[in-house]
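Trainee: Dropping in input09.cif, which is mmCIF, C-alpha atoms:
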```
data_entry
loop_
_atom_site.label_atom_id
_atom_site.label_comp_id
_atom_site.auth_asym_id
_atom_site.auth_seq_id
_atom_site.Cartn_x
_atom_site.Cartn_y
_atom_site.Cartn_z
CA MET I 24 0.00 0.00 0.00
CA LEU I 25 1.31 3.46 -0.90
CA PRO I 26 1.66 6.06 1.86
CA VAL I 27 -0.81 8.92 1.90
CA VAL I 28 0.91 12.17 0.97
CA PRO I 29 -0.86 15.44 1.78
CA CYS I 30 -1.31 17.74 -1.21
CA GLY I 31 -1.45 20.93 0.83
CA VAL I 32 -0.08 22.61 3.92
CA GLN I 33 -2.08 23.54 6.99
CA VAL I 34 -1.84 27.24 7.71
CA LEU I 35 -3.12 28.92 10.85
CA THR I 36 -4.55 32.27 9.80
CA LYS I 37 -4.39 35.10 12.33
CA GLU I 38 -7.66 36.72 11.28
CA ALA I 39 -9.95 33.82 11.97
CA GLY I 40 -7.70 31.70 14.19
CA GLU I 41 -8.62 28.70 12.09
CA VAL I 42 -6.65 26.15 10.11
CA SER I 43 -6.94 26.15 6.34
CA ILE I 44 -5.23 24.07 3.66
CA TRP I 45 -3.05 25.91 1.12
CA SER I 46 -1.82 24.26 -2.02
CA LEU I 47 1.84 24.54 -2.96
CA GLN I 48 0.81 26.88 -5.79
CA GLU I 49 -1.03 29.18 -3.34
CA ILE I 50 2.02 29.29 -1.08
CA GLN I 51 4.28 30.07 -4.05
CA ARG I 52 1.93 32.85 -5.26
CA ALA I 53 1.78 34.38 -1.79
CA THR I 54 5.58 34.22 -1.42
CA LEU I 55 6.13 35.82 -4.82
CA ALA I 56 3.62 38.57 -4.00
CA ILE I 57 5.47 39.38 -0.76
CA MET I 58 8.84 39.39 -2.56
CA ASP I 59 7.35 41.68 -5.22
CA ASP I 60 5.99 44.03 -2.52
CA LEU I 61 9.36 44.03 -0.75
CA LEU I 62 11.29 44.89 -3.91
CA ARG I 63 8.75 47.55 -4.89
CA THR I 64 9.01 49.14 -1.43
CA ILE I 65 12.82 49.16 -1.55
CA LEU I 66 12.84 50.66 -5.05
CA GLU I 67 10.45 53.46 -4.06
CA GLY I 68 13.24 55.12 -2.11
CA TYR I 69 16.13 54.19 -4.39
CA GLU I 70 17.63 57.46 -5.63
CA LEU I 71 20.20 56.27 -8.18
CA PRO I 72 19.62 55.11 -11.76
CA LYS I 73 18.16 51.61 -11.68
CA GLU I 74 20.67 50.58 -14.38
CA GLY I 75 23.59 51.92 -12.30
CA LEU I 76 26.53 50.09 -10.78
CA HIS I 77 24.87 49.58 -7.39
CA GLY I 78 21.28 49.04 -8.51
CA PRO I 79 18.90 46.11 -8.93
CA ARG I 80 21.06 44.24 -11.46
CA HIS I 81 23.86 44.19 -8.87
CA TRP I 82 21.39 43.07 -6.18
CA ILE I 83 20.27 40.17 -8.36
CA ARG I 84 23.86 39.06 -8.98
CA VAL I 85 24.68 39.31 -5.26
CA SER I 86 21.54 37.32 -4.47
CA ARG I 87 22.33 34.58 -7.01
CA VAL I 88 25.96 34.19 -5.90
CA GLY I 89 25.12 34.60 -2.21
CA LEU I 90 22.49 31.88 -2.27
CA GLU I 91 24.93 29.51 -3.99
CA LEU I 92 27.56 30.33 -1.35
CA ALA I 93 25.03 29.80 1.47
CA LYS I 94 24.12 26.41 0.01
CA ALA I 95 27.81 25.42 0.07
CA THR I 96 28.59 26.98 3.48
CA PRO I 97 27.50 25.15 6.65
CA GLY I 98 25.55 27.59 8.82
CA GLY I 99 24.92 30.09 6.01
CA ASP I 100 21.38 31.47 6.31
CA PRO I 101 19.90 31.90 2.81
CA GLU I 102 17.10 34.17 4.00
CA VAL I 103 19.54 36.68 5.51
CA VAL I 104 21.81 36.42 2.47
CA TYR I 105 18.91 37.12 0.11
CA LEU I 106 17.76 40.12 2.15
CA PHE I 107 21.34 41.44 2.34
CA ALA I 108 21.45 41.41 -1.45
CA LEU I 109 18.37 43.64 -1.58
CA PHE I 110 19.20 46.04 1.26
CA HIS I 111 23.00 46.51 1.30
CA ASP I 112 23.17 49.15 -1.48
CA SER I 113 19.51 50.16 -1.49
CA ARG I 114 20.08 53.54 0.15
CA ARG I 115 23.19 54.73 -1.68
CA GLU I 116 23.16 58.44 -2.42
CA ASN I 117 25.82 58.25 -5.14
CA GLU I 118 27.81 55.70 -7.13
CA ASP I 119 31.14 56.75 -5.61
CA THR I 120 32.04 57.24 -1.96
CA ASP I 121 29.08 56.87 0.40
CA PRO I 122 30.36 55.47 3.71
CA ASP I 123 26.97 55.35 5.47
CA HIS I 124 24.93 53.68 2.73
CA GLY I 125 25.06 50.25 4.37
CA LEU I 126 23.83 51.69 7.67
CA ARG I 127 20.96 53.40 5.85
CA GLY I 128 20.11 50.10 4.12
CA ALA I 129 20.08 48.36 7.51
CA GLU I 130 17.84 51.09 8.92
CA LEU I 131 15.44 50.59 6.02
CA ALA I 132 15.32 46.87 6.80
CA GLY I 133 14.68 47.73 10.45
CA SER I 134 11.76 49.96 9.48
CA MET I 135 10.13 47.01 7.68
CA ARG I 136 10.70 44.54 10.47
CA GLY I 137 7.49 43.08 11.84
CA THR I 138 5.51 43.91 8.71
CA HIS I 139 4.36 41.33 6.17
CA LEU I 140 7.53 42.16 4.22
CA LEU I 141 10.23 41.18 6.71
CA HIS I 142 10.01 38.34 9.23
CA LEU I 143 13.38 37.73 10.84
CA ASN I 144 14.05 36.64 14.38
CA ASP I 145 16.38 38.81 16.49
CA ALA I 146 19.51 36.81 15.66
CA GLN I 147 18.80 36.88 11.92
CA PHE I 148 18.08 40.60 11.97
CA GLU I 149 21.31 41.31 13.83
CA LEU I 150 23.24 39.38 11.15
CA LEU I 151 21.50 41.38 8.40
CA ARG I 152 22.10 44.67 10.19
CA TYR I 153 25.78 43.94 10.77
CA ALA I 154 26.37 42.62 7.26
CA CYS I 155 24.79 45.69 5.65
CA THR I 156 26.42 48.22 7.95
CA HIS I 157 29.95 46.82 7.62
CA HIS I 158 30.05 45.38 4.10
CA THR I 159 32.45 48.06 2.84
CA ASP I 160 34.86 48.02 5.80
CA GLY I 161 37.25 45.58 4.07
CA GLU I 162 36.99 43.04 6.89
CA THR I 163 36.54 39.29 6.73
CA THR I 164 34.51 37.27 9.20
CA THR I 165 34.19 33.78 10.62
CA ASP I 166 30.39 34.05 10.69
CA PRO I 167 29.12 31.89 7.81
CA THR I 168 26.09 34.03 6.97
CA ILE I 169 27.90 37.37 7.04
CA GLY I 170 30.75 35.77 5.09
CA CYS I 171 28.34 34.66 2.35
CA CYS I 172 26.89 38.18 2.19
CA TRP I 173 30.22 39.96 1.94
CA ASP I 174 31.75 37.41 -0.42
CA ALA I 175 28.80 37.62 -2.81
CA ASP I 176 29.13 41.41 -2.94
CA ARG I 177 32.91 41.29 -3.36
CA LEU I 178 32.70 38.64 -6.08
CA ASP I 179 30.75 41.22 -8.12
CA LEU I 180 33.46 43.90 -7.90
CA GLY I 181 34.35 43.29 -11.54
CA ARG I 182 31.40 45.53 -12.46
CA VAL I 183 33.42 48.51 -11.16
CA GLY I 184 36.73 47.36 -12.61
CA ILE I 185 38.13 45.81 -9.43
CA GLU I 186 39.38 42.24 -9.42
CA PRO I 187 38.27 40.47 -6.20
CA GLU I 188 41.17 39.28 -4.03
CA VAL I 189 41.09 35.98 -2.20
CA GLU I 190 42.36 37.47 1.09
CA TYR I 191 39.18 39.58 1.32
CA LEU I 192 36.87 36.56 1.04
CA SER I 193 35.51 34.96 4.18
CA THR I 194 34.16 31.60 3.04
CA ALA I 195 35.76 28.57 1.45
CA ALA I 196 32.91 28.60 -1.08
CA GLY I 197 33.72 32.21 -1.99
CA ARG I 198 37.39 31.45 -2.45
CA GLU I 199 36.52 28.45 -4.62
CA TRP I 200 34.13 30.60 -6.68
CA LEU I 201 36.94 33.09 -7.31
CA ARG I 202 39.33 30.33 -8.42
CA SER I 203 36.80 28.77 -10.81
#
```
Can you turn what I pasted into structure tokens?
Mentor:
Amino acid sequence: MLPVVPCGVQVLTKEAGEVSIWSLQEIQRATLAIMDDLLRTILEGYELPKEGLHGPRHWIRVSRVGLELAKATPGGDPEVVYLFALFHDSRRENEDTDPDHGLRGAELAGSMRGTHLLHLNDAQFELLRYACTHHTDGETTTDPTIGCCWDADRLDLGRVGIEPEVEYLSTAAGREWLRS
């Protein structure tokens, strides 16, 4: 006899306090809608050209590389890495020197915390805040999540004519990516 496999997920809704069954497709649609809302909200305050060096194309590359690094790095949190990709340069005021842009990106993330757009526990939020605030300090870290964030950003330095250097990468996966 074949095992019974549920075709949906039970979800406790806050409004009614009742359990309902959501299909995988409904969960995917809801997740994509939240991601779309999050990106739209971030872009509303983005002051630089969207095609610029630090804009959404860069965020997508950082996200793609960061998620691959997190998959290959024990302890790397893909949710924090993904959010870092969106927030770390989201509040730049220029394409050149802007030492407080990471802090402003972290503050933006903090302003969304607790809304339907951003659900991180305290430890995850602290990782996101630190990674955004310090991503341009030239440091490395032993924290796997922060390392994935910083490495993903640094591995995209070629867009500004800078060759990433292995000594500025924090994760083994990032160093391997650079060598490949």
Trainee: Just checking: using only C-alpha atoms, which residue out of I:Leu71, I:Leu192, I:Ala56, I:Ala108 ends up closest to Arg87 in chain I?
Mentor: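 Smallest separation from Arg87 in chain I among the options: I:Ala108.
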Trainee: Have a look at I:Ala146, I:Leu126, I:Val103, I:Ala195 and name the one nearest to Ile169 in chain I; count all atoms listed in the file.
Mentor: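 Checking each candidate against Ile169 in chain I, we get I:Val103 as the closest.
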Trainee: Just checking: using all atoms listed in the file, which residue out of I:Thr194, I:Thr54, I:Thr159, I:Ser113 ends up closest to Glu67 in chain I?
Mentor: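 The shortest atom-to-atom distance to Glu67 in chain I comes from I:Ser113.
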Trainee: For Leu76 in chain I, which residue out of I:Gly184, I:Gly89, I:Gly128, I:Gly197 is the nearest one, using only C-alpha atoms?
Mentor: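 With only C-alpha atoms as the atom set, the closest residue is I:Gly184.
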Trainee: Nearest to Glu116 in chain I: which of I:Leu141, I:Trp82, I:His77, I:Phe148 is it, counting only C-alpha atoms?
Mentor: I:His77
Trainee: Can you measure CA of Asp145 in chain I to CA of Ala129 in chain I for me? One decimal in Å is fine.
Mentor: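 CA of Ala129 in chain I lies at a distance of 13.6 Å from CA of Asp145 in chain I.
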Trainee: At what distance in Å, to one decimal, does CA of Pro97 in chain I lie from CA of Asp166 in chain I?
Mentor: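 Separating CA of Asp166 in chain I from CA of Pro97 in chain I is a distance of 10.2 Å.
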Trainee: By how many Å are CA of Ile50 in chain I and CA of Leu151 in chain I apart?
Mentor: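 According to the coordinates, CA of Ile50 in chain I and CA of Leu151 in chain I are separated by 24.8 Å.
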Trainee: Would you place a box with edges along x, y and z of the file around all atoms of range 192-202 of chain I listed there, add 5 Å to each of its six sides, and report the centre and edge lengths in Å to one decimal, as AutoDock Vina command-line options?
Mentor:
```
--center_x 36.1 --center_y 32.5 --center_z -2.1 --size_x 16.4 --size_y 18.1 --size_z 22.6
```
Trainee: So, counting only C-alpha atoms, which residue among I:Glu186, I:Tyr191, I:Ala175, I:Ala53 is closest to Glu162 in chain I?
Mentor: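 Using only C-alpha atoms, Glu162 in chain I sits closest to I:Tyr191.
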